[in-house]
Each structure stands twice: as C-alpha cells, then as structure tokens.
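Peer 1: Quick one: structure below, then a few questions.
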Amino acid sequence: MTHVSLKDLTKVYPGSKVPSLDRLSLEIPTGELTALLGPSGCGKTTTMKMIAGLLTPTSGDVTFDDRSILREKPEHRGVVMVFQNYLLFPYMSVADNIGFGLKMRKVDKSEIDRRVGEMLDLVKLPDLGKRRPSELSGGQQQRVALARALIVQPKVLLLDEPLSNLDAHLRFEMRDLIRSLQQEMGITTIFVTHDQEEAVVLADKVALILDGRLCQYDHADVFYKRPANEAVARFFGGQNFIPGQSSGTAFDSALGQLALPQNAITGKGTLTFRPENVKIGPSQTNGLTAILEDRIYLGTQTRLRLRVGETMVEAIANPDEVGDFEVGGPVPIHLPPQALWVLQ
C-alpha cells in the first residue's frame, strides 16, 4: 500500500502560455480511493498521466511514500492505469488478457492460471475465461480490464472515467464492484470523472479541479454543506446565491434578516443554500412568503421557482408537499439556519 503526494504539480504544453495544470498539491493516504473531479479539459487526466509516467511535469513532484518517482520509467513505478476504452487484446481470450501482466513478469504458468481463476471469481466472471473480448458486453469488458490491472497487485491503481462507457443500469453494478474490490485489496486508487454523483458515491475524498486549479479537496459531504466558493457550490448543484452582510449570527439581504448557524463568517458575503434545503411551510425562524413562479414535476421530486420580493429562489420538494399550491399564488417557506452557508 502506498501514500501518494502531488507537490505543486504543473503542466504547460508546448506552444501554450496557460498551464493545463497549475501547482496542484494533494495528499492521498495509503489505501484510500480519491476522485479527480471536473469538466473536460480541467487537467484531471493530465494529472493521472503524470502519475503514471505517460507525461512529464513542467514542474513539481510526485512521490510514493516520500520517494520521488519522476525519474522512474512507467513500468517501474508500480502503477497500473485502466483506460476509458479498456484496451483489451482482441485476439486473446479473457483469461489470457487478465494474465498478460503476469506473463510479462515471467510468472510460472500454473501460478498464472491459479491467479487468473481467482480474479475471474473476484470480478464475477467465473465461466467466461475462454471467450474473446468481442463476445462480451461493455460491462463485462470493464470487469476484465479491472481484473487485468488488479492481478499484478499494483502500488497505485489509476482509473480513467471507469463508468462513462456503460449504460445507466450497469454503472450502479460496476460502481459497487469497484468500491468493494478496492476496499478488499486496500490499493491506493485514483480515478478521473466528470460525474459529480459518481465521485460522491465512490470516493473517500474528492479533489475538484476547475481550469487547471484545485478548488477544494475534501470528503464528499463538505462540498454540499461547506463549499469553498461559489464555483464549487455551482458545480455541486447550488443555485441560490444571495449577496448581503453577515454579522456572524445573522445575514442581512434582500430576503430580510436570516439567522445563521454558529461560527458563520462576518462581513460582506454571499449567502448560499441548496434547493433541497428550502423547506415548505411556515416557521418562526427564517420564515418567508414566496410567490410560486413555476413548477416542474420530476417524478419523485418537484422543482419550484419561487420569488421572494425581487429575489428568485430555487427549491426542490416532495410532490405531496406542493400539490395544493398554484402558480402565481403564495407559498410559505423557511430556511433552516443549519442549511445556510456564507461565502466570501
């Protein structure tokens, strides 16, 4: 098991003056699963390739257990990368694909066969060893690629958009499998994704990268409760941002004076709260009267567009809670203090 440190990692591609990755620093503890999250072009895959040795950093360092690996060839780093398109050998059987890394290491054939059998059981493909990749579904091919990576017992496992090529119903299955295998084997794992939900469900910690810079690195729930800035909040689905002044215990804005949770920052700032934290019904604390501007039924939820004075508020509620309210009519709402967060 390996502790991974990224220290001021920077990459500027030839001909560009703008860094693709700008001074990224992360500490990834031994045995944890970390998500590099962000939109296309933000620098997350560049980061992964520099860890793997497929790209050379412009500056900065990558260390495994406090030892720099930048001078080591990719094949000597103990890193295995599972690519988005699997890259299975089409002319080999599933078993031969999985055992290929051991064969290159000149492991005895009987040992290869034994470990391939174990891996096939582990990824729940016990009877498919003799098939070719073309005879497998996308989900099965992803399992084979994962087994091929895990069988060599890497120090660090890298997964590039591991679920992006799968149908929705297969993503849940593969998500659970990746998480259970990673926990069982205790391999330090880093995966790249643009999918917020995927990162939240899979990762121990999430590193949000926007425009080549690390915006926040934390446990998933912190992104929802205490985003570092407005860009982070918006990426995680935040839609309510109200400018005003905080006294530390109350926030004065166009919504009036609202009670804040303890230890709120003071001074000029922006109040944010998530749509699902807008509660329907009156309350003596942070109670407001809104006008229902629009409603969209989403099945298990209803999205509401509300107007409080001249300020628009987005809310999400249970359909049963809003069944009697009509567009253009009043809706009593309240904002629980613990759901409010002040950004500066």
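Identifiers in this document derive from the order of the structure tokens: chains are assigned A, B, ..., residues are numbered from 1 separately in each chain, and ligands are numbered from 1 in order of occurrence.
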For segment 230-312 of chain A versus segment 179-199 of chain A, which residues have an atom no more than 10 Å away, and what is each residue's nearest atom pair and distance in Å rounded to one decimal, using only C-alpha atoms, chain-then-number order, as CSV?

Peer 2:
residue,atom,partner,partner_atom,distance
A:Phe235,CA,A:Gln196,CA,8.1
A:Phe236,CA,A:Gln196,CA,6.9
A:Gly237,CA,A:Gln196,CA,9.2

Peer 1: Can you write just those residues out, C-alpha atoms, as a short mmCIF file (atom, residue, chain, number, x, y, z; two decimals), in the first residue's frame?

Peer 2:
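Result saved to part31.cif:
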data_model
loop_
_atom_site.label_atom_id
_atom_site.label_comp_id
_atom_site.auth_asym_id
_atom_site.auth_seq_id
_atom_site.Cartn_x
_atom_site.Cartn_y
_atom_site.Cartn_z
CA PHE A 235 -20.61 22.57 -9.68
CA PHE A 236 -22.33 20.58 -6.93
CA GLY A 237 -25.78 21.83 -7.84
#

Peer 1: Might you pull out every residue within 9 Å of Gly309 of chain A, with only C-alpha atoms counted and same-chain residues fewer than 2 positions away left off, and present them as a list of chain:residue names?

Peer 2: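 Skipping anything fewer than 2 positions along the chain leaves A:Ala254, A:Leu255, A:Thr289, A:Ala290, A:Ile291, A:Arg307, A:Thr311, A:Met312.
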
Peer 1: Go ahead and write the selection's residues with all heavy atoms as a PDB file, in the first residue's frame.

Peer 2:
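The file below, selection_1.pdb, is the result:
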ATOM      1  N   ALA A 254     -31.599  41.035   0.613  1.00  0.00           N
ATOM      2  CA  ALA A 254     -32.907  41.312   0.025  1.00  0.00           C
ATOM      3  C   ALA A 254     -33.982  40.383   0.563  1.00  0.00           C
ATOM      4  O   ALA A 254     -35.187  40.672   0.431  1.00  0.00           O
ATOM      5  CB  ALA A 254     -32.818  41.192  -1.495  1.00  0.00           C
ATOM      6  N   LEU A 255     -33.599  39.271   1.171  1.00  0.00           N
ATOM      7  CA  LEU A 255     -34.570  38.349   1.779  1.00  0.00           C
ATOM      8  C   LEU A 255     -34.958  38.776   3.183  1.00  0.00           C
ATOM      9  O   LEU A 255     -35.818  38.144   3.806  1.00  0.00           O
ATOM     10  CB  LEU A 255     -33.996  36.928   1.819  1.00  0.00           C
ATOM     11  CG  LEU A 255     -33.712  36.244   0.489  1.00  0.00           C
ATOM     12  CD1 LEU A 255     -33.160  34.841   0.723  1.00  0.00           C
ATOM     13  CD2 LEU A 255     -34.954  36.195  -0.383  1.00  0.00           C
ATOM     14  N   THR A 289     -42.460  34.411   2.895  1.00  0.00           N
ATOM     15  CA  THR A 289     -43.577  34.149   1.995  1.00  0.00           C
ATOM     16  C   THR A 289     -43.102  34.363   0.569  1.00  0.00           C
ATOM     17  O   THR A 289     -42.611  35.445   0.231  1.00  0.00           O
ATOM     18  CB  THR A 289     -44.767  35.067   2.292  1.00  0.00           C
ATOM     19  OG1 THR A 289     -45.229  34.818   3.617  1.00  0.00           O
ATOM     20  CG2 THR A 289     -45.906  34.801   1.315  1.00  0.00           C
ATOM     21  N   ALA A 290     -43.223  33.335  -0.252  1.00  0.00           N
ATOM     22  CA  ALA A 290     -42.760  33.388  -1.640  1.00  0.00           C
ATOM     23  C   ALA A 290     -43.953  33.294  -2.584  1.00  0.00           C
ATOM     24  O   ALA A 290     -45.040  32.828  -2.205  1.00  0.00           O
ATOM     25  CB  ALA A 290     -41.785  32.245  -1.920  1.00  0.00           C
ATOM     26  N   ILE A 291     -43.754  33.737  -3.801  1.00  0.00           N
ATOM     27  CA  ILE A 291     -44.735  33.571  -4.870  1.00  0.00           C
ATOM     28  C   ILE A 291     -44.233  32.485  -5.805  1.00  0.00           C
ATOM     29  O   ILE A 291     -43.072  32.503  -6.239  1.00  0.00           O
ATOM     30  CB  ILE A 291     -44.931  34.884  -5.661  1.00  0.00           C
ATOM     31  CG1 ILE A 291     -45.398  36.003  -4.724  1.00  0.00           C
ATOM     32  CG2 ILE A 291     -45.932  34.681  -6.796  1.00  0.00           C
ATOM     33  CD1 ILE A 291     -46.705  35.731  -4.014  1.00  0.00           C
ATOM     34  N   ARG A 307     -40.348  33.364  -5.961  1.00  0.00           N
ATOM     35  CA  ARG A 307     -39.908  34.754  -5.894  1.00  0.00           C
ATOM     36  C   ARG A 307     -40.241  35.310  -4.519  1.00  0.00           C
ATOM     37  O   ARG A 307     -41.380  35.253  -4.055  1.00  0.00           O
ATOM     38  CB  ARG A 307     -40.596  35.597  -6.975  1.00  0.00           C
ATOM     39  CG  ARG A 307     -40.201  37.077  -6.942  1.00  0.00           C
ATOM     40  CD  ARG A 307     -40.717  37.820  -8.173  1.00  0.00           C
ATOM     41  NE  ARG A 307     -42.138  37.598  -8.375  1.00  0.00           N
ATOM     42  CZ  ARG A 307     -43.100  38.276  -7.739  1.00  0.00           C
ATOM     43  NH1 ARG A 307     -42.772  39.191  -6.831  1.00  0.00           N
ATOM     44  NH2 ARG A 307     -44.367  38.025  -8.007  1.00  0.00           N
ATOM     45  N   THR A 311     -36.280  38.746  -5.435  1.00  0.00           N
ATOM     46  CA  THR A 311     -35.232  37.727  -5.453  1.00  0.00           C
ATOM     47  C   THR A 311     -35.810  36.369  -5.817  1.00  0.00           C
ATOM     48  O   THR A 311     -36.811  35.935  -5.240  1.00  0.00           O
ATOM     49  CB  THR A 311     -34.541  37.641  -4.076  1.00  0.00           C
ATOM     50  OG1 THR A 311     -33.998  38.918  -3.744  1.00  0.00           O
ATOM     51  CG2 THR A 311     -33.432  36.603  -4.096  1.00  0.00           C
ATOM     52  N   MET A 312     -35.171  35.688  -6.767  1.00  0.00           N
ATOM     53  CA  MET A 312     -35.614  34.355  -7.179  1.00  0.00           C
ATOM     54  C   MET A 312     -34.913  33.287  -6.334  1.00  0.00           C
ATOM     55  O   MET A 312     -33.712  33.374  -6.060  1.00  0.00           O
ATOM     56  CB  MET A 312     -35.316  34.121  -8.660  1.00  0.00           C
ATOM     57  CG  MET A 312     -35.991  35.103  -9.591  1.00  0.00           C
ATOM     58  SD  MET A 312     -37.787  35.229  -9.355  1.00  0.00           S
ATOM     59  CE  MET A 312     -38.306  33.545  -9.686  1.00  0.00           C
TER      60      MET A 312
END

Peer 1: Could you tell me how far atom CA of Arg67 of chain A sits from atom CA of Phe83 of chain A, in Å to one decimal place?

Peer 2: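 Interatomic distance here is 25.7 Å.
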
Peer 1: When you count only C-alpha atoms, which of these residues is closest to Ile265 of chain A: A:Ala220, A:Leu343, A:Leu292, A:Val4?

Peer 2: A:Leu343

Peer 1: Would you work out the distance separating atom CA of Gly212 of chain A from atom CA of Gly269 of chain A, expressed in Å to one decimal?

Peer 2: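 Atom-to-atom, atom CA of Gly212 of chain A and atom CA of Gly269 of chain A are spaced 25.6 Å apart.
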
Peer 1: For Gly287 of chain A, find every residue with an atom within 7 Å (counting only C-alpha atoms), except residues of its own chain fewer than 6 positions away, and show them as JSON, numbers by chain.

Peer 2: {"A": [333, 334, 335]}

Peer 1: Give me, as a PyMOL selection string, the residues of segment 110-232 of chain A that a backbone DSSP run labels helix (DSSP H, G or I).

Peer 2: chain A and resi 110-122+133-135+138-150+168-185+196-202+220-225+230-232

Peer 1: Name the residues in contact with Thr249 of chain A at a cut-off of 9 Å, using only C-alpha atoms, excluding same-chain residues fewer than 6 positions from it; report them as a PDB file with all heavy atoms, in the first residue's frame.

Peer 2:
ATOM      1  N   LEU A 258     -31.831  36.914   8.232  1.00  0.00           N
ATOM      2  CA  LEU A 258     -31.943  35.470   8.436  1.00  0.00           C
ATOM      3  C   LEU A 258     -30.943  35.022   9.489  1.00  0.00           C
ATOM      4  O   LEU A 258     -29.771  35.447   9.476  1.00  0.00           O
ATOM      5  CB  LEU A 258     -31.659  34.721   7.130  1.00  0.00           C
ATOM      6  CG  LEU A 258     -32.596  35.015   5.959  1.00  0.00           C
ATOM      7  CD1 LEU A 258     -32.081  34.352   4.692  1.00  0.00           C
ATOM      8  CD2 LEU A 258     -34.021  34.550   6.270  1.00  0.00           C
ATOM      9  N   ALA A 259     -31.389  34.164  10.397  1.00  0.00           N
ATOM     10  CA  ALA A 259     -30.496  33.600  11.405  1.00  0.00           C
ATOM     11  C   ALA A 259     -29.508  32.649  10.757  1.00  0.00           C
ATOM     12  O   ALA A 259     -29.862  31.868   9.871  1.00  0.00           O
ATOM     13  CB  ALA A 259     -31.308  32.884  12.477  1.00  0.00           C
ATOM     14  N   LEU A 260     -28.254  32.712  11.213  1.00  0.00           N
ATOM     15  CA  LEU A 260     -27.191  31.869  10.677  1.00  0.00           C
ATOM     16  C   LEU A 260     -26.793  30.795  11.679  1.00  0.00           C
ATOM     17  O   LEU A 260     -27.058  30.931  12.885  1.00  0.00           O
ATOM     18  CB  LEU A 260     -25.961  32.723  10.345  1.00  0.00           C
ATOM     19  CG  LEU A 260     -26.098  33.720   9.196  1.00  0.00           C
ATOM     20  CD1 LEU A 260     -24.844  34.593   9.123  1.00  0.00           C
ATOM     21  CD2 LEU A 260     -26.321  32.995   7.869  1.00  0.00           C
ATOM     22  N   PRO A 261     -26.137  29.735  11.221  1.00  0.00           N
ATOM     23  CA  PRO A 261     -25.586  28.753  12.159  1.00  0.00           C
ATOM     24  C   PRO A 261     -24.424  29.372  12.935  1.00  0.00           C
ATOM     25  O   PRO A 261     -23.915  30.438  12.579  1.00  0.00           O
ATOM     26  CB  PRO A 261     -25.102  27.628  11.246  1.00  0.00           C
ATOM     27  CG  PRO A 261     -24.828  28.284   9.939  1.00  0.00           C
ATOM     28  CD  PRO A 261     -25.837  29.391   9.822  1.00  0.00           C
ATOM     29  N   GLN A 262     -23.995  28.713  13.975  1.00  0.00           N
ATOM     30  CA  GLN A 262     -22.870  29.200  14.764  1.00  0.00           C
ATOM     31  C   GLN A 262     -21.590  29.232  13.921  1.00  0.00           C
ATOM     32  O   GLN A 262     -21.420  28.440  12.985  1.00  0.00           O
ATOM     33  CB  GLN A 262     -22.658  28.323  15.995  1.00  0.00           C
ATOM     34  CG  GLN A 262     -23.785  28.415  17.015  1.00  0.00           C
ATOM     35  CD  GLN A 262     -23.507  27.564  18.237  1.00  0.00           C
ATOM     36  OE1 GLN A 262     -22.623  26.724  18.246  1.00  0.00           O
ATOM     37  NE2 GLN A 262     -24.281  27.804  19.291  1.00  0.00           N
ATOM     38  N   ASN A 263     -20.692  30.149  14.285  1.00  0.00           N
ATOM     39  CA  ASN A 263     -19.369  30.260  13.671  1.00  0.00           C
ATOM     40  C   ASN A 263     -19.416  30.690  12.208  1.00  0.00           C
ATOM     41  O   ASN A 263     -18.501  30.393  11.439  1.00  0.00           O
ATOM     42  CB  ASN A 263     -18.596  28.934  13.784  1.00  0.00           C
ATOM     43  CG  ASN A 263     -18.433  28.483  15.220  1.00  0.00           C
ATOM     44  OD1 ASN A 263     -18.169  29.303  16.100  1.00  0.00           O
ATOM     45  ND2 ASN A 263     -18.603  27.194  15.458  1.00  0.00           N
ATOM     46  N   ALA A 264     -20.473  31.384  11.798  1.00  0.00           N
ATOM     47  CA  ALA A 264     -20.521  31.922  10.435  1.00  0.00           C
ATOM     48  C   ALA A 264     -19.523  33.080  10.323  1.00  0.00           C
ATOM     49  O   ALA A 264     -19.232  33.767  11.296  1.00  0.00           O
ATOM     50  CB  ALA A 264     -21.925  32.403  10.106  1.00  0.00           C
ATOM     51  N   ILE A 265     -19.017  33.298   9.134  1.00  0.00           N
ATOM     52  CA  ILE A 265     -18.076  34.378   8.918  1.00  0.00           C
ATOM     53  C   ILE A 265     -18.800  35.720   8.993  1.00  0.00           C
ATOM     54  O   ILE A 265     -20.024  35.794   8.846  1.00  0.00           O
ATOM     55  CB  ILE A 265     -17.360  34.235   7.559  1.00  0.00           C
ATOM     56  CG1 ILE A 265     -18.374  34.302   6.405  1.00  0.00           C
ATOM     57  CG2 ILE A 265     -16.561  32.950   7.493  1.00  0.00           C
ATOM     58  CD1 ILE A 265     -17.732  34.312   5.038  1.00  0.00           C
ATOM     59  N   THR A 266     -18.041  36.778   9.214  1.00  0.00           N
ATOM     60  CA  THR A 266     -18.627  38.109   9.299  1.00  0.00           C
ATOM     61  C   THR A 266     -18.170  38.964   8.117  1.00  0.00           C
ATOM     62  O   THR A 266     -17.156  38.684   7.489  1.00  0.00           O
ATOM     63  CB  THR A 266     -18.228  38.804  10.612  1.00  0.00           C
ATOM     64  OG1 THR A 266     -16.796  38.921  10.669  1.00  0.00           O
ATOM     65  CG2 THR A 266     -18.713  38.008  11.810  1.00  0.00           C
TER      66      THR A 266
END

Peer 1: Nearest to Thr45 of chain A: which of A:Leu26, A:Cys215, A:Leu158, A:Met119 is it, counting only C-alpha atoms?

Peer 2: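 That would be A:Leu158, the residue with the smallest distance to Thr45 of chain A.
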
Peer 1: Tell me which of A:Val322, A:Ala149, A:Ala35, A:Val331 sits closest to Gly101 of chain A, counting only C-alpha atoms.

Peer 2: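 Counting only C-alpha atoms, the residue closest to Gly101 of chain A is A:Ala149.
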
Peer 1: Excluding Val107 of chain A and its own-chain neighbours fewer than 6 positions away, which residues fall within 12 Å of it when counting only C-alpha atoms? Please give them as a ChimeraX atom specification.

Peer 2: /A:99-101,113-116,151-152

Peer 1: Just checking: using only C-alpha atoms, which residue out of A:Val342, A:Leu24, A:Val206, A:Met104 ends up closest to Ser247 of chain A?

Peer 2: A:Val342

Peer 1: For Gly53 of chain A, which residue out of A:Gln344, A:Ser40, A:Gln239, A:Ser68 is the nearest one, using only C-alpha atoms?

Peer 2: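 Between A:Gln344, A:Ser40, A:Gln239, A:Ser68, the residue approaching Gly53 of chain A most closely is A:Ser68.
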
Peer 1: Would you please work out which residue, of A:Arg77, A:Arg305, A:Arg23, A:Lys155, is nearest to Thr2 of chain A when using only C-alpha atoms?

Peer 2: A:Lys155

Peer 1: Could you give me, as a list in words, the residues within 9 Å of Arg274 of chain A, counting only C-alpha atoms and dropping anything in the same chain fewer than 3 positions from it?

Peer 2: Tyr224, Lys225, Ala233, Gly237, Gly238, Gln239, Asn240, Asn277, Val278, Glu314, Ala315, Ile316, Ala339 and Leu340 of chain A

Peer 1: Could you give me, as number ranges by chain, the residues within 9 Å of Gly43 of chain A, counting only C-alpha atoms and dropping anything in the same chain fewer than 6 positions from it?

Peer 2: A: 11, 19-22, 209-213

Peer 1: At what distance in Å, to one decimal, does atom CA of Asp294 of chain A lie from atom CA of Gly328 of chain A?

Peer 2: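 Computing the Euclidean distance for atom CA of Gly328 of chain A and atom CA of Asp294 of chain A yields 8.1 Å.
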
Peer 1: As number ranges by chain, please: every residue in segment 108-293 of chain A that DSSP puts in strand (DSSP E).

Peer 2: A: 156-160, 188-193, 205-210, 213-218, 240-246, 250-253, 256-259, 267-273, 279-280, 287-293
